[in-house]
$ cat protein15.txt   # compact mmCIF, C-alpha atoms
# COMPACT_ATOMS: atom_id res chain seq x y z
CA MET I 1 25.10 -2.64 -24.71
CA SER I 2 25.57 -5.75 -22.59
CA ALA I 3 26.40 -9.20 -23.94
CA THR I 4 22.83 -10.33 -23.27
CA GLN I 5 21.31 -7.41 -25.14
CA GLN I 6 23.78 -7.91 -27.97
CA ALA I 7 22.72 -11.56 -28.20
CA ILE I 8 19.05 -10.57 -28.33
CA ALA I 9 19.79 -8.02 -31.06
CA ALA I 10 21.82 -10.62 -32.98
CA ALA I 11 18.77 -12.90 -32.84
CA GLY I 12 16.81 -10.19 -34.65
CA ASP I 13 14.94 -9.29 -31.44
CA ARG I 14 13.40 -12.77 -31.59
CA ALA I 15 15.15 -14.28 -28.59
CA LEU I 16 14.52 -17.60 -26.88
CA ILE I 17 15.72 -17.76 -23.28
CA GLY I 18 15.86 -21.17 -21.62
CA TYR I 19 15.71 -21.83 -17.87
CA LEU I 20 17.14 -24.81 -16.03
CA PRO I 21 17.86 -25.24 -12.32
CA ALA I 22 21.53 -25.23 -11.33
CA GLY I 23 22.67 -28.71 -10.34
CA PHE I 24 19.75 -30.53 -11.96
CA PRO I 25 19.68 -33.46 -12.53
CA ASP I 26 23.26 -33.56 -11.14
CA PRO I 27 26.31 -31.28 -11.49
CA GLU I 28 27.62 -32.84 -14.70
CA GLY I 29 24.14 -33.30 -16.17
CA CYS I 30 23.32 -29.64 -15.58
CA VAL I 31 26.35 -28.51 -17.57
CA GLU I 32 25.58 -30.90 -20.43
CA ALA I 33 21.94 -29.78 -20.47
CA CYS I 34 22.89 -26.10 -20.64
CA VAL I 35 25.34 -26.78 -23.46
CA ALA I 36 22.52 -28.63 -25.25
CA LEU I 37 20.31 -25.55 -24.86
CA ALA I 38 23.03 -23.40 -26.44
CA GLU I 39 23.55 -25.88 -29.27
CA GLY I 40 19.77 -26.02 -29.78
CA GLY I 41 19.54 -22.31 -30.46
CA VAL I 42 18.67 -20.51 -27.24
CA THR I 43 19.77 -16.89 -27.12
CA ALA I 44 20.55 -16.87 -23.40
CA ILE I 45 20.44 -19.30 -20.48
CA GLU I 46 18.71 -18.63 -17.18
CA LEU I 47 20.32 -20.80 -14.50
CA GLY I 48 18.15 -20.92 -11.39
CA LEU I 49 19.55 -21.30 -7.90
CA PRO I 50 17.52 -23.97 -6.07
CA TYR I 51 15.52 -22.36 -3.30
CA SER I 52 13.52 -23.93 -0.49
CA ASP I 53 10.63 -21.45 -0.43
CA PRO I 54 10.05 -20.11 -3.94
CA SER I 55 7.24 -17.68 -4.69
CA LEU I 56 7.39 -17.75 -8.48
CA ASP I 57 8.17 -21.39 -9.32
CA GLY I 58 5.46 -23.86 -10.23
CA PRO I 59 5.37 -27.57 -9.32
CA VAL I 60 7.72 -28.86 -12.04
CA ILE I 61 10.56 -26.52 -11.10
CA GLN I 62 9.84 -26.86 -7.39
CA ALA I 63 10.20 -30.66 -7.59
CA ALA I 64 13.47 -30.42 -9.53
CA THR I 65 15.00 -27.84 -7.22
CA GLN I 66 13.89 -29.67 -4.08
CA ALA I 67 15.54 -32.86 -5.33
CA THR I 68 18.70 -30.85 -6.00
CA LEU I 69 18.63 -29.32 -2.52
CA ASP I 70 18.04 -32.75 -0.99
CA ARG I 71 21.28 -34.09 -2.46
CA GLY I 72 23.24 -31.23 -0.91
CA PHE I 73 23.44 -28.47 -3.55
CA ARG I 74 25.66 -25.52 -2.67
CA ILE I 75 25.99 -22.17 -4.47
CA ASP I 76 29.62 -22.91 -5.32
CA GLU I 77 28.26 -25.67 -7.56
CA ALA I 78 26.37 -23.09 -9.62
CA PHE I 79 29.48 -20.98 -10.10
CA GLU I 80 31.46 -24.04 -11.15
CA ALA I 81 28.71 -24.89 -13.65
CA ILE I 82 28.69 -21.37 -15.11
CA GLU I 83 32.46 -21.49 -15.53
CA GLU I 84 32.23 -24.74 -17.48
CA ILE I 85 29.19 -23.69 -19.54
CA THR I 86 30.76 -20.38 -20.58
CA ARG I 87 33.99 -22.22 -21.41
CA ARG I 88 32.04 -24.35 -23.90
CA THR I 89 29.54 -21.83 -25.31
CA THR I 90 29.25 -18.11 -26.04
CA VAL I 91 25.62 -17.93 -24.96
CA PRO I 92 25.17 -15.50 -22.02
CA VAL I 93 24.33 -17.23 -18.72
CA LEU I 94 22.25 -15.28 -16.20
CA VAL I 95 21.52 -16.52 -12.70
CA MET I 96 17.90 -16.43 -11.55
CA THR I 97 17.78 -16.23 -7.78
CA TYR I 98 15.70 -15.05 -4.91
CA TRP I 99 17.50 -12.37 -2.95
CA ASN I 100 18.33 -14.16 0.32
CA PRO I 101 21.16 -16.32 -1.10
CA VAL I 102 22.88 -13.22 -2.50
CA LEU I 103 22.54 -11.41 0.82
CA ARG I 104 23.95 -14.39 2.72
CA TRP I 105 26.93 -14.63 0.38
CA GLY I 106 27.52 -10.90 0.47
CA VAL I 107 26.28 -8.80 -2.44
CA ASP I 108 29.62 -7.58 -3.79
CA ARG I 109 31.28 -10.96 -3.15
CA PHE I 110 28.49 -12.69 -5.11
CA ALA I 111 28.81 -10.23 -8.00
CA GLU I 112 32.59 -10.57 -8.09
CA ARG I 113 32.40 -14.39 -8.20
CA LEU I 114 29.65 -14.35 -10.83
CA ALA I 115 31.66 -12.06 -13.08
CA ALA I 116 34.84 -14.09 -12.54
CA THR I 117 33.12 -17.30 -13.66
CA GLY I 118 31.80 -15.70 -16.86
CA GLY I 119 28.21 -15.11 -15.76
CA ALA I 120 26.30 -12.32 -17.49
CA GLY I 121 24.07 -11.12 -14.66
CA LEU I 122 21.20 -11.77 -12.26
CA ILE I 123 17.43 -12.07 -12.56
CA THR I 124 15.92 -11.23 -9.17
CA PRO I 125 12.18 -12.00 -8.94
CA ASP I 126 11.68 -10.84 -5.35
CA LEU I 127 13.88 -7.73 -5.43
CA VAL I 128 12.26 -4.48 -6.51
CA PRO I 129 14.42 -1.65 -7.86
CA GLU I 130 13.58 0.57 -4.89
CA ASN I 131 15.30 -1.95 -2.58
CA GLY I 132 18.02 -2.96 -5.01
CA ARG I 133 20.59 -0.18 -4.67
CA GLU I 134 23.30 -2.42 -3.22
CA TRP I 135 22.90 -4.91 -6.06
CA ILE I 136 22.65 -2.22 -8.75
CA ASP I 137 25.92 -0.70 -7.53
CA ALA I 138 27.67 -4.09 -7.37
CA ALA I 139 26.41 -5.06 -10.83
CA ARG I 140 27.67 -1.78 -12.29
CA HIS I 141 31.04 -2.28 -10.63
CA HIS I 142 31.40 -5.81 -12.05
CA ASP I 143 29.73 -5.10 -15.43
CA LEU I 144 26.80 -7.47 -14.85
CA ASP I 145 23.23 -7.38 -16.11
CA ARG I 146 20.47 -6.71 -13.60
CA VAL I 147 17.08 -7.98 -14.70
CA PHE I 148 14.06 -6.83 -12.72
CA LEU I 149 10.48 -7.98 -13.26
CA ALA I 150 7.45 -6.07 -14.50
CA ALA I 151 4.05 -7.68 -13.87
CA PRO I 152 0.53 -7.01 -15.16
CA SER I 153 -0.22 -5.43 -11.78
CA SER I 154 2.75 -3.03 -11.95
CA SER I 155 1.95 0.67 -11.86
CA ASP I 156 3.43 3.02 -14.45
CA ALA I 157 5.77 4.31 -11.72
CA ARG I 158 7.01 0.77 -11.02
CA ILE I 159 7.44 0.10 -14.75
CA ASP I 160 9.53 3.26 -15.03
CA ALA I 161 11.66 2.15 -12.07
CA VAL I 162 12.16 -1.30 -13.61
CA LEU I 163 13.17 0.16 -16.97
CA GLN I 164 15.60 2.60 -15.37
CA ALA I 165 17.21 -0.03 -13.11
CA SER I 166 17.43 -2.98 -15.53
CA ARG I 167 20.17 -3.93 -17.95
CA GLY I 168 20.06 -6.85 -20.40
CA PHE I 169 16.28 -7.06 -20.67
CA VAL I 170 13.09 -6.58 -18.68
CA TYR I 171 11.52 -9.81 -17.45
CA THR I 172 7.93 -9.31 -18.56
CA VAL I 173 5.67 -11.53 -16.46
CA SER I 174 2.88 -12.87 -18.63
CA THR I 175 0.33 -13.56 -15.95
CA MET I 176 -0.32 -13.39 -12.25
CA GLY I 177 0.73 -16.83 -11.02
CA THR I 178 3.63 -19.26 -10.99
CA THR I 179 5.73 -20.88 -13.67
CA GLY I 180 4.36 -23.85 -15.59
CA ALA I 181 3.00 -24.85 -18.98
CA ARG I 182 -0.31 -23.28 -19.99
CA GLY I 183 -2.59 -24.02 -22.89
CA SER I 184 -2.77 -20.40 -23.98
CA MET I 185 -0.95 -17.23 -23.13
CA ASP I 186 -2.67 -14.63 -20.99
CA ALA I 187 -3.71 -11.50 -22.92
CA ALA I 188 -2.21 -9.56 -20.03
CA ALA I 189 1.25 -10.31 -21.44
CA ARG I 190 0.58 -8.35 -24.63
CA THR I 191 -0.97 -5.49 -22.69
CA LEU I 192 2.03 -5.31 -20.36
CA ALA I 193 4.49 -5.48 -23.26
CA ASP I 194 2.65 -2.60 -24.93
CA ARG I 195 2.78 -0.56 -21.71
CA LEU I 196 6.51 -1.21 -21.43
CA ALA I 197 7.01 -0.07 -25.02
CA VAL I 198 5.21 3.20 -24.35
CA ARG I 199 7.16 3.89 -21.16
CA ARG I 200 10.58 2.98 -22.61
CA GLU I 201 9.97 5.32 -25.54
CA ALA I 202 8.97 8.10 -23.13
CA LEU I 203 12.12 7.49 -21.07
CA GLY I 204 14.41 7.03 -24.07
CA ILE I 205 15.52 3.58 -22.88
CA ASP I 206 16.28 0.86 -25.44
CA LEU I 207 15.73 -2.34 -23.49
CA PRO I 208 14.26 -5.63 -24.78
CA ARG I 209 11.09 -7.07 -23.28
CA CYS I 210 11.32 -10.81 -22.69
CA VAL I 211 8.07 -12.54 -21.70
CA GLY I 212 8.08 -15.42 -19.25
CA LEU I 213 5.70 -17.78 -17.45
CA GLY I 214 3.57 -20.38 -19.20
CA ILE I 215 5.48 -20.73 -22.50
CA SER I 216 5.91 -24.37 -23.48
CA THR I 217 5.47 -24.69 -27.26
CA GLY I 218 6.98 -23.28 -30.42
CA ALA I 219 3.60 -21.81 -31.34
CA GLN I 220 3.52 -19.87 -28.06
CA VAL I 221 7.06 -18.63 -28.68
CA ALA I 222 6.01 -17.39 -32.12
CA ASP I 223 2.96 -15.68 -30.63
CA VAL I 224 4.99 -13.89 -27.94
CA LEU I 225 7.59 -12.75 -30.46
CA GLY I 226 4.81 -11.00 -32.33
CA TYR I 227 4.74 -8.33 -29.61
CA ALA I 228 7.97 -8.71 -27.58
CA GLU I 229 11.68 -9.21 -28.21
CA GLY I 230 12.07 -12.44 -26.28
CA ALA I 231 10.29 -15.51 -24.93
CA ILE I 232 11.40 -17.28 -21.74
CA THR I 233 10.61 -20.93 -21.10
CA GLY I 234 11.46 -23.06 -18.09
CA SER I 235 9.05 -25.73 -16.86
CA ALA I 236 8.76 -27.32 -20.31
CA LEU I 237 12.53 -27.71 -20.50
CA VAL I 238 12.81 -29.07 -16.96
CA ALA I 239 10.07 -31.61 -17.65
CA ALA I 240 11.72 -32.65 -20.92
CA LEU I 241 15.09 -33.16 -19.20
CA ARG I 242 13.45 -35.01 -16.31
CA ASP I 243 11.46 -37.35 -18.55
CA GLY I 244 13.66 -37.76 -21.61
CA GLY I 245 17.21 -36.85 -20.60
CA LEU I 246 19.38 -34.91 -23.03
CA GLU I 247 17.62 -36.40 -26.04
CA GLY I 248 14.24 -35.27 -24.76
CA LEU I 249 15.62 -31.84 -23.93
CA ARG I 250 17.11 -31.38 -27.39
CA ALA I 251 13.78 -32.31 -29.01
CA ARG I 252 11.89 -29.78 -26.89
CA VAL I 253 14.43 -27.03 -27.59
CA ALA I 254 14.14 -27.70 -31.32
CA ASP I 255 10.37 -27.23 -31.13
CA LEU I 256 10.67 -24.03 -29.12
CA ALA I 257 13.45 -22.61 -31.30
CA ALA I 258 11.34 -23.22 -34.40
CA GLY I 259 8.93 -20.66 -32.97
CA THR I 260 11.58 -17.96 -33.30
CA LEU I 261 11.57 -18.49 -37.07
CA VAL I 262 7.84 -18.00 -37.52
CA GLN I 263 6.79 -14.48 -38.43
CA SER I 264 3.34 -14.72 -36.88
CA HIS I 265 2.42 -11.03 -37.02

$ encode --input "protein15.txt" --output "structure tokens"
Amino acid sequence: MSATQQAIAAAGDRALIGYLPAGFPDPEGCVEACVALAEGGVTAIELGLPYSDPSLDGPVIQAATQATLDRGFRIDEAFEAIEEITRRTTVPVLVMTYWNPVLRWGVDRFAERLAATGGAGLITPDLVPENGREWIDAARHHDLDRVFLAAPSSSDARIDAVLQASRGFVYTVSTMGTTGARGSMDAAARTLADRLAVRREALGIDLPRCVGLGISTGAQVADVLGYAEGAITGSALVAALRDGGLEGLRARVADLAAGTLVQSH
């Protein structure tokens, strides 16, 4: 069992995973913000590599990552941040990245550097398992998690492929769209989580389902944890850090983490 899966199990399968962009609002501020997430009770940290042409990110994250790119962000900065964050916390840090930056770095070189800095693995929103052999092999070689996405539109065959290729957890996409706060969670999230549960039992795979996209309140976290093992939140944290600095971020994390304590179902 990987460190990420152990952390989710230690949280009683009621995990809160927090996303922030690497290098936002600046290199030092990013590290302090991630440490604040860990101190606030997140189970794992998702550190996003800023990307110029994202397909999954909504306007809040796009604005933050574009500002980070504009000041000259480089991938080395993310590795340096991970090294410092993992020196100060025991919370697993996974990198969320589109596939092109990994390809440009070199897949095995990227995996080796990520492992050396203490990173736990990669979340790859635009890489499907069928095209991910090089990464899967590199991740196995360097003992890293590989988190693939399942969406409401995924076929049973794709869900099986995601379950068989993933380690750490399955990123369970709550709705067809981009990241960003929503007033209510899409019912498709529960349906997808139920489909994943059926398929993982059939395959004999024990892998947590962590639901992302649109989660911004403690009440939504509690709702998601009624049918999945983890809730992922990003835009709400980015907005809190942007608008209120570390104090604002800590307040938002406290609200979200309170949702992990509510037995809503």

$ closest_residue --input "protein15.txt" --among "I:Ala15, I:Leu249, I:Leu114, I:Leu237" --to "I:Ile75" --atoms "all atoms listed in the file"
I:Leu114

$ residues_around --input "protein15.txt" --residues "stretch 88-103 of chain I" --least-positions-apart "4" --cutoff "9 Å" --atoms "all atoms listed in the file" --output "ChimeraX atom specification"
/I:3-4,7,19,21-22,35,38-39,42-51,54-55,75,78,82-84,107-111,114,118-127,145

$ residues_around --input "protein15.txt" --residues "I:Thr217" --least-positions-apart "3" --cutoff "8 Å" --atoms "only C-alpha atoms" --output "NGL selection string"
:I and (220-221 or 255-256 or 259)

$ closest_residue --input "protein15.txt" --among "I:Leu246, I:Leu241, I:Ala202, I:Ala189" --to "I:Ser174" --atoms "only C-alpha atoms"
I:Ala189

$ closest_residue --input "protein15.txt" --among "I:Asp206, I:Val238, I:Gln263, I:Glu80" --to "I:Ala33" --atoms "all atoms listed in the file"
I:Val238

$ atom_distance --input "protein15.txt" --atom1 "atom CA of I:Gly23" --atom2 "atom CA of I:Arg209"
27.7 Å

$ closest_residue --input "protein15.txt" --among "I:Asp76, I:Asp57, I:Asp160, I:Glu229" --to "I:Gln5" --atoms "all atoms listed in the file"
I:Glu229

$ residues_around --input "protein15.txt" --residues "I:Glu247" --least-positions-apart "5" --cutoff "12 Å" --atoms "all atoms listed in the file" --output "list in words"
Glu32, Ala33, Ala36, Leu37, Gly40, Leu237, Ala240, Leu241, Arg242, Arg252, Val253 and Ala254 of chain I

$ atom_distance --input "protein15.txt" --atom1 "atom CA of I:Pro27" --atom2 "atom CA of I:Ala115"
20.0 Å

$ closest_residue --input "protein15.txt" --among "I:Val211, I:Leu144, I:Ala193, I:Ile159" --to "I:Tyr171" --atoms "only C-alpha atoms"
I:Val211

$ closest_residue --input "protein15.txt" --among "I:Thr86, I:Gln62, I:Ser166, I:Ser155" --to "I:Leu207" --atoms "all atoms listed in the file"
I:Ser166

$ axis_aligned_box --input "protein15.txt" --around "stretch 240-243 of chain I" --padding-each-side "6 Å" --output "AutoDock Vina command-line options"
--center_x 13.3 --center_y -35.0 --center_z -18.6 --size_x 15.6 --size_y 16.7 --size_z 16.6

$ residues_near_point --input "protein15.txt" --point "(19.2, -35.4, -4.2)" --cutoff "12 Å" --atoms "only C-alpha atoms" --output "compact mmCIF listing (two decimals) with C-alpha atoms, keeping the file's coordinate frame"
# COMPACT_ATOMS: atom_id res chain seq x y z
CA GLY I 23 22.67 -28.71 -10.34
CA PHE I 24 19.75 -30.53 -11.96
CA PRO I 25 19.68 -33.46 -12.53
CA ASP I 26 23.26 -33.56 -11.14
CA PRO I 27 26.31 -31.28 -11.49
CA PRO I 50 17.52 -23.97 -6.07
CA ALA I 63 10.20 -30.66 -7.59
CA ALA I 64 13.47 -30.42 -9.53
CA THR I 65 15.00 -27.84 -7.22
CA GLN I 66 13.89 -29.67 -4.08
CA ALA I 67 15.54 -32.86 -5.33
CA THR I 68 18.70 -30.85 -6.00
CA LEU I 69 18.63 -29.32 -2.52
CA ASP I 70 18.04 -32.75 -0.99
CA ARG I 71 21.28 -34.09 -2.46
CA GLY I 72 23.24 -31.23 -0.91
CA PHE I 73 23.44 -28.47 -3.55
CA ARG I 74 25.66 -25.52 -2.67

$ atom_distance --input "protein15.txt" --atom1 "atom CA of I:Ser153" --atom2 "atom CA of I:Thr233"
21.1 Å

$ residues_around --input "protein15.txt" --residues "I:Ile136" --least-positions-apart "3" --cutoff "8 Å" --atoms "all atoms listed in the file" --output "ChimeraX atom specification"
/I:132-133,139-140,146,165
